[in-house]
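Asks: Sharing input11.pdb, PDB, C-alpha atoms:
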```pdb
MODEL        1
ATOM      1  CA  MET A   5     -12.037  12.447   1.051  1.00  0.00           C
ATOM      2  CA  GLY A   6     -12.393   9.230  -0.933  1.00  0.00           C
ATOM      3  CA  GLU A   7     -10.489   5.981  -0.565  1.00  0.00           C
ATOM      4  CA  GLY A   8      -8.294   6.692  -3.592  1.00  0.00           C
ATOM      5  CA  ASN A   9      -7.237  10.082  -2.268  1.00  0.00           C
ATOM      6  CA  LEU A  10      -6.352   8.667   1.134  1.00  0.00           C
ATOM      7  CA  LEU A  11      -4.276   5.970  -0.492  1.00  0.00           C
ATOM      8  CA  ILE A  12      -2.552   8.506  -2.742  1.00  0.00           C
ATOM      9  CA  ASP A  13      -1.687  10.424   0.430  1.00  0.00           C
ATOM     10  CA  ALA A  14      -0.428   7.223   2.092  1.00  0.00           C
ATOM     11  CA  LEU A  15       1.644   6.388  -0.987  1.00  0.00           C
ATOM     12  CA  ALA A  16       3.214   9.852  -0.931  1.00  0.00           C
ATOM     13  CA  LEU A  17       4.089   9.367   2.743  1.00  0.00           C
ATOM     14  CA  CYS A  18       5.736   6.034   1.922  1.00  0.00           C
ATOM     15  CA  ARG A  19       7.764   7.720  -0.807  1.00  0.00           C
ATOM     16  CA  GLU A  20       8.900  10.283   1.797  1.00  0.00           C
ATOM     17  CA  GLY A  21       9.910   7.520   4.219  1.00  0.00           C
ATOM     18  CA  LYS A  22       7.074   8.367   6.612  1.00  0.00           C
ATOM     19  CA  TRP A  23       5.998   4.764   7.007  1.00  0.00           C
ATOM     20  CA  ASP A  24       4.294   5.207  10.400  1.00  0.00           C
ATOM     21  CA  ASP A  25       2.111   8.037   9.083  1.00  0.00           C
ATOM     22  CA  ALA A  26       1.182   5.960   6.031  1.00  0.00           C
ATOM     23  CA  HIS A  27       0.378   3.027   8.320  1.00  0.00           C
ATOM     24  CA  LYS A  28      -2.121   5.158  10.244  1.00  0.00           C
ATOM     25  CA  ILE A  29      -3.952   5.926   6.999  1.00  0.00           C
ATOM     26  CA  VAL A  30      -4.154   2.359   5.697  1.00  0.00           C
ATOM     27  CA  GLN A  31      -5.481   1.165   9.054  1.00  0.00           C
ATOM     28  CA  GLN A  32      -8.600   3.291   8.440  1.00  0.00           C
ATOM     29  CA  ASP A  33      -9.537   1.503   5.204  1.00  0.00           C
ATOM     30  CA  ASN A  34     -10.733  -2.051   4.532  1.00  0.00           C
ATOM     31  CA  SER A  35     -10.260  -2.092   0.751  1.00  0.00           C
ATOM     32  CA  GLN A  36      -8.003  -4.530  -1.096  1.00  0.00           C
ATOM     33  CA  LEU A  37      -5.797  -1.662  -2.244  1.00  0.00           C
ATOM     34  CA  SER A  38      -5.364  -0.530   1.339  1.00  0.00           C
ATOM     35  CA  ALA A  39      -4.515  -4.076   2.409  1.00  0.00           C
ATOM     36  CA  TRP A  40      -1.909  -4.184  -0.366  1.00  0.00           C
ATOM     37  CA  LEU A  41      -0.225  -0.985   0.795  1.00  0.00           C
ATOM     38  CA  HIS A  42      -0.485  -2.233   4.385  1.00  0.00           C
ATOM     39  CA  GLY A  43       1.505  -5.273   3.275  1.00  0.00           C
ATOM     40  CA  VAL A  44       4.130  -3.091   1.607  1.00  0.00           C
ATOM     41  CA  ILE A  45       4.540  -1.092   4.809  1.00  0.00           C
ATOM     42  CA  HIS A  46       5.123  -4.250   6.852  1.00  0.00           C
ATOM     43  CA  GLN A  47       7.480  -5.545   4.146  1.00  0.00           C
ATOM     44  CA  GLU A  48       9.529  -2.357   4.541  1.00  0.00           C
ATOM     45  CA  GLU A  49       9.587  -2.877   8.325  1.00  0.00           C
ATOM     46  CA  GLY A  50      10.903  -6.415   7.840  1.00  0.00           C
ATOM     47  CA  ASP A  51       7.758  -7.875   9.447  1.00  0.00           C
ATOM     48  CA  LEU A  52       7.304 -10.454   6.706  1.00  0.00           C
ATOM     49  CA  SER A  53       4.698 -12.637   8.396  1.00  0.00           C
ATOM     50  CA  ASN A  54       2.449  -9.622   8.904  1.00  0.00           C
ATOM     51  CA  ALA A  55       3.227  -8.445   5.360  1.00  0.00           C
ATOM     52  CA  ARG A  56       2.153 -11.852   3.980  1.00  0.00           C
ATOM     53  CA  TYR A  57      -1.121 -11.609   5.915  1.00  0.00           C
ATOM     54  CA  TRP A  58      -1.927  -8.222   4.342  1.00  0.00           C
ATOM     55  CA  PHE A  59      -0.738  -9.270   0.880  1.00  0.00           C
ATOM     56  CA  ASN A  60      -3.044 -12.288   1.098  1.00  0.00           C
ATOM     57  CA  ARG A  61      -5.981 -10.036   2.062  1.00  0.00           C
ATOM     58  CA  ALA A  62      -5.147  -7.947  -0.996  1.00  0.00           C
ATOM     59  CA  GLY A  63      -4.990 -10.997  -3.279  1.00  0.00           C
ATOM     60  CA  ARG A  64      -1.223 -10.579  -3.792  1.00  0.00           C
ATOM     61  CA  ARG A  65      -0.019 -14.168  -3.595  1.00  0.00           C
ATOM     62  CA  GLU A  66       3.470 -13.414  -4.946  1.00  0.00           C
ATOM     63  CA  PRO A  67       4.491  -9.852  -4.113  1.00  0.00           C
ATOM     64  CA  ASN A  68       7.676  -8.383  -5.546  1.00  0.00           C
ATOM     65  CA  PRO A  69      10.708  -9.300  -3.440  1.00  0.00           C
ATOM     66  CA  THR A  70      11.752  -5.704  -2.842  1.00  0.00           C
ATOM     67  CA  THR A  71       9.689  -3.009  -1.205  1.00  0.00           C
ATOM     68  CA  ALA A  72      10.608  -0.501  -3.922  1.00  0.00           C
ATOM     69  CA  ASP A  73       9.361  -2.799  -6.704  1.00  0.00           C
ATOM     70  CA  GLU A  74       6.164  -3.632  -4.823  1.00  0.00           C
ATOM     71  CA  LEU A  75       5.530   0.038  -4.086  1.00  0.00           C
ATOM     72  CA  ASN A  76       6.013   0.870  -7.795  1.00  0.00           C
ATOM     73  CA  HIS A  77       3.546  -1.871  -8.775  1.00  0.00           C
ATOM     74  CA  PHE A  78       1.048  -0.611  -6.205  1.00  0.00           C
ATOM     75  CA  GLU A  79       1.416   2.956  -7.492  1.00  0.00           C
ATOM     76  CA  HIS A  80       0.788   1.834 -11.072  1.00  0.00           C
ATOM     77  CA  GLU A  81      -2.412   0.048 -10.048  1.00  0.00           C
ATOM     78  CA  LEU A  82      -3.608   2.843  -7.772  1.00  0.00           C
ATOM     79  CA  ILE A  83      -3.028   5.647 -10.253  1.00  0.00           C
ATOM     80  CA  GLY A  84      -4.441   3.582 -13.102  1.00  0.00           C
ATOM     81  CA  SER A  85      -7.655   3.022 -11.134  1.00  0.00           C
ATOM     82  CA  ASN A  86      -7.922   6.698 -10.166  1.00  0.00           C
ATOM     83  CA  VAL A  87      -6.828   8.565 -13.304  1.00  0.00           C
ATOM     84  CA  ASP A  88     -10.229  10.190 -13.750  1.00  0.00           C
ATOM     85  CA  LYS A  89     -10.277  11.203 -10.056  1.00  0.00           C
ATOM     86  CA  LEU A  90      -6.981  13.128 -10.137  1.00  0.00           C
TER      87      LEU A  90
ENDMDL
END
```
Please re-express this file's structure in structure tokens.

Replies:
Amino acid sequence: MGEGNLLIDALALCREGKWDDAHKIVQQDNSQLSAWLHGVIHQEEGDLSNARYWFNRAGRREPNPTTADELNHFEHELIGSNVDKL
């Protein structure tokens, strides 16, 4: 399964509130998109210093202040980059 599919799976798990399961997926990937979602997961946990680390690795210098908004932005970018793979 490709990177995009794994991240789509991880995104779906986040939407279901299964943050730990999503975390296990993003830990397997070294892409910028994975780092971004990794940051969102730590943002949701309230671990903001760790979230900032992952956002920085993803090139997200100013993430959205709420997890929901950041997750929506991530989804837009992920789906936009994988439309032809769906």

Asks: Emit as JSON the padded axis-aligned box for all listed atoms of range 43-56 of chain A, 3 Å per side, with centre and edge lengths in Å to one decimal.

Replies:
```
{"center_x": 6.2, "center_y": -6.9, "center_z": 5.5, "size_x": 15.4, "size_y": 17.5, "size_z": 13.8}
```

Asks: Would you compute the distance between CA of Ser53 in chain A and CA of His77 in chain A? Give it in Å to one decimal.

Replies: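 These two atoms are separated by 20.3 Å.
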
Asks: Which of these residues is nearest to Asp13 in chain A, using only C-alpha atoms: A:Asn76, A:Gln47, A:Thr70, A:Ser38?

Replies: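 Checking each of A:Asn76, A:Gln47, A:Thr70, A:Ser38 against Asp13 in chain A, counting only C-alpha atoms, the winner is A:Ser38.
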
Asks: Between CA of His27 in chain A and CA of Arg61 in chain A, measure the distance and give it in Å to one decimal.

Replies: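 So the answer is 15.8 Å.
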
Asks: Find, counting all atoms listed in the file, the residue in A:Ala62, A:Ala55, A:Leu15, A:Ile29 that gets nearest to His80 in chain A.

Replies: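 Between A:Ala62, A:Ala55, A:Leu15, A:Ile29, the residue approaching His80 in chain A most closely is A:Leu15.
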
Asks: Quick one: of A:Lys22, A:Ser35, A:Leu82, A:Thr71, who's nearest to Gly50 in chain A, counting all atoms listed in the file?

Replies: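 Distance minimum relative to Gly50 in chain A lands on A:Thr71.
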
Asks: Which residues are near Ala26 in chain A? Cut-off 7 Å, all atoms listed in the file, ignore same chain within fewer than 6 positions. Put them as a PyMOL selection string.

Replies: chain A and resi 14+17-18

Asks: For Arg56 in chain A, work out the shell of residues within 9 Å, counting only C-alpha atoms and skipping chain neighbours fewer than 2 positions away, then give it as a PDB file with C-alpha atoms, in the frame of the given file.

Replies:
```pdb
ATOM      1  CA  GLY A  43       1.505  -5.273   3.275  1.00  0.00           C
ATOM      2  CA  HIS A  46       5.123  -4.250   6.852  1.00  0.00           C
ATOM      3  CA  GLN A  47       7.480  -5.545   4.146  1.00  0.00           C
ATOM      4  CA  ASP A  51       7.758  -7.875   9.447  1.00  0.00           C
ATOM      5  CA  LEU A  52       7.304 -10.454   6.706  1.00  0.00           C
ATOM      6  CA  SER A  53       4.698 -12.637   8.396  1.00  0.00           C
ATOM      7  CA  ASN A  54       2.449  -9.622   8.904  1.00  0.00           C
ATOM      8  CA  TRP A  58      -1.927  -8.222   4.342  1.00  0.00           C
ATOM      9  CA  PHE A  59      -0.738  -9.270   0.880  1.00  0.00           C
ATOM     10  CA  ASN A  60      -3.044 -12.288   1.098  1.00  0.00           C
ATOM     11  CA  ARG A  61      -5.981 -10.036   2.062  1.00  0.00           C
ATOM     12  CA  ARG A  64      -1.223 -10.579  -3.792  1.00  0.00           C
ATOM     13  CA  ARG A  65      -0.019 -14.168  -3.595  1.00  0.00           C
ATOM     14  CA  PRO A  67       4.491  -9.852  -4.113  1.00  0.00           C
TER      15      PRO A  67
END
```

Asks: Rebuild range 21-51 of chain A so that it carries N, CA and C atoms, then output the result as a compact mmCIF listing (two decimals), in the frame of the given file.

Replies:
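After the write, result-v3.txt holds the following:
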```txt
# COMPACT_ATOMS: atom_id res chain seq x y z
N GLY A 21 9.33 8.27 3.11
CA GLY A 21 9.91 7.52 4.22
C GLY A 21 9.13 7.66 5.51
N LYS A 22 7.91 8.18 5.42
CA LYS A 22 7.07 8.37 6.61
C LYS A 22 6.13 7.17 6.74
N TRP A 23 6.73 6.04 6.99
CA TRP A 23 6.00 4.76 7.01
C TRP A 23 4.96 4.71 8.12
N ASP A 24 5.26 5.24 9.29
CA ASP A 24 4.29 5.21 10.40
C ASP A 24 3.06 6.04 10.08
N ASP A 25 3.25 7.20 9.46
CA ASP A 25 2.11 8.04 9.08
C ASP A 25 1.26 7.35 8.01
N ALA A 26 1.92 6.70 7.06
CA ALA A 26 1.18 5.96 6.03
C ALA A 26 0.41 4.80 6.66
N HIS A 27 1.02 4.15 7.64
CA HIS A 27 0.38 3.03 8.32
C HIS A 27 -0.92 3.47 9.00
N LYS A 28 -0.91 4.64 9.60
CA LYS A 28 -2.12 5.16 10.24
C LYS A 28 -3.25 5.33 9.24
N ILE A 29 -2.92 5.74 8.03
CA ILE A 29 -3.95 5.93 7.00
C ILE A 29 -4.52 4.59 6.54
N VAL A 30 -3.65 3.63 6.23
CA VAL A 30 -4.15 2.36 5.70
C VAL A 30 -4.95 1.58 6.74
N GLN A 31 -4.71 1.84 8.01
CA GLN A 31 -5.48 1.16 9.05
C GLN A 31 -6.94 1.63 9.09
N GLN A 32 -7.24 2.74 8.45
CA GLN A 32 -8.60 3.29 8.44
C GLN A 32 -9.45 2.74 7.30
N ASP A 33 -8.88 1.92 6.44
CA ASP A 33 -9.54 1.50 5.20
C ASP A 33 -9.54 -0.02 5.12
N ASN A 34 -10.64 -0.60 4.65
CA ASN A 34 -10.73 -2.05 4.53
C ASN A 34 -10.67 -2.55 3.10
N SER A 35 -10.29 -1.69 2.16
CA SER A 35 -10.26 -2.09 0.75
C SER A 35 -9.06 -3.00 0.46
N GLN A 36 -9.12 -3.69 -0.68
CA GLN A 36 -8.00 -4.53 -1.10
C GLN A 36 -6.76 -3.69 -1.38
N LEU A 37 -6.95 -2.52 -1.97
CA LEU A 37 -5.80 -1.66 -2.24
C LEU A 37 -5.13 -1.22 -0.94
N SER A 38 -5.92 -0.92 0.05
CA SER A 38 -5.36 -0.53 1.34
C SER A 38 -4.61 -1.70 1.98
N ALA A 39 -5.19 -2.89 1.88
CA ALA A 39 -4.51 -4.08 2.41
C ALA A 39 -3.18 -4.29 1.70
N TRP A 40 -3.15 -4.03 0.40
CA TRP A 40 -1.91 -4.18 -0.37
C TRP A 40 -0.84 -3.23 0.16
N LEU A 41 -1.20 -1.95 0.29
CA LEU A 41 -0.22 -0.98 0.80
C LEU A 41 0.17 -1.31 2.24
N HIS A 42 -0.77 -1.81 3.01
CA HIS A 42 -0.48 -2.23 4.38
C HIS A 42 0.61 -3.31 4.36
N GLY A 43 0.48 -4.24 3.43
CA GLY A 43 1.50 -5.27 3.28
C GLY A 43 2.86 -4.71 2.91
N VAL A 44 2.87 -3.72 2.01
CA VAL A 44 4.13 -3.09 1.61
C VAL A 44 4.80 -2.43 2.81
N ILE A 45 3.99 -1.77 3.62
CA ILE A 45 4.54 -1.09 4.81
C ILE A 45 5.20 -2.10 5.75
N HIS A 46 4.53 -3.23 5.97
CA HIS A 46 5.12 -4.25 6.85
C HIS A 46 6.32 -4.92 6.18
N GLN A 47 6.32 -5.03 4.87
CA GLN A 47 7.48 -5.54 4.15
C GLN A 47 8.68 -4.64 4.39
N GLU A 48 8.46 -3.33 4.30
CA GLU A 48 9.53 -2.36 4.54
C GLU A 48 10.08 -2.47 5.96
N GLU A 49 9.18 -2.74 6.92
CA GLU A 49 9.59 -2.88 8.32
C GLU A 49 10.35 -4.18 8.59
N GLY A 50 10.28 -5.11 7.64
CA GLY A 50 10.90 -6.42 7.84
C GLY A 50 10.00 -7.40 8.57
N ASP A 51 8.74 -7.02 8.78
CA ASP A 51 7.76 -7.88 9.45
C ASP A 51 7.05 -8.71 8.37
```
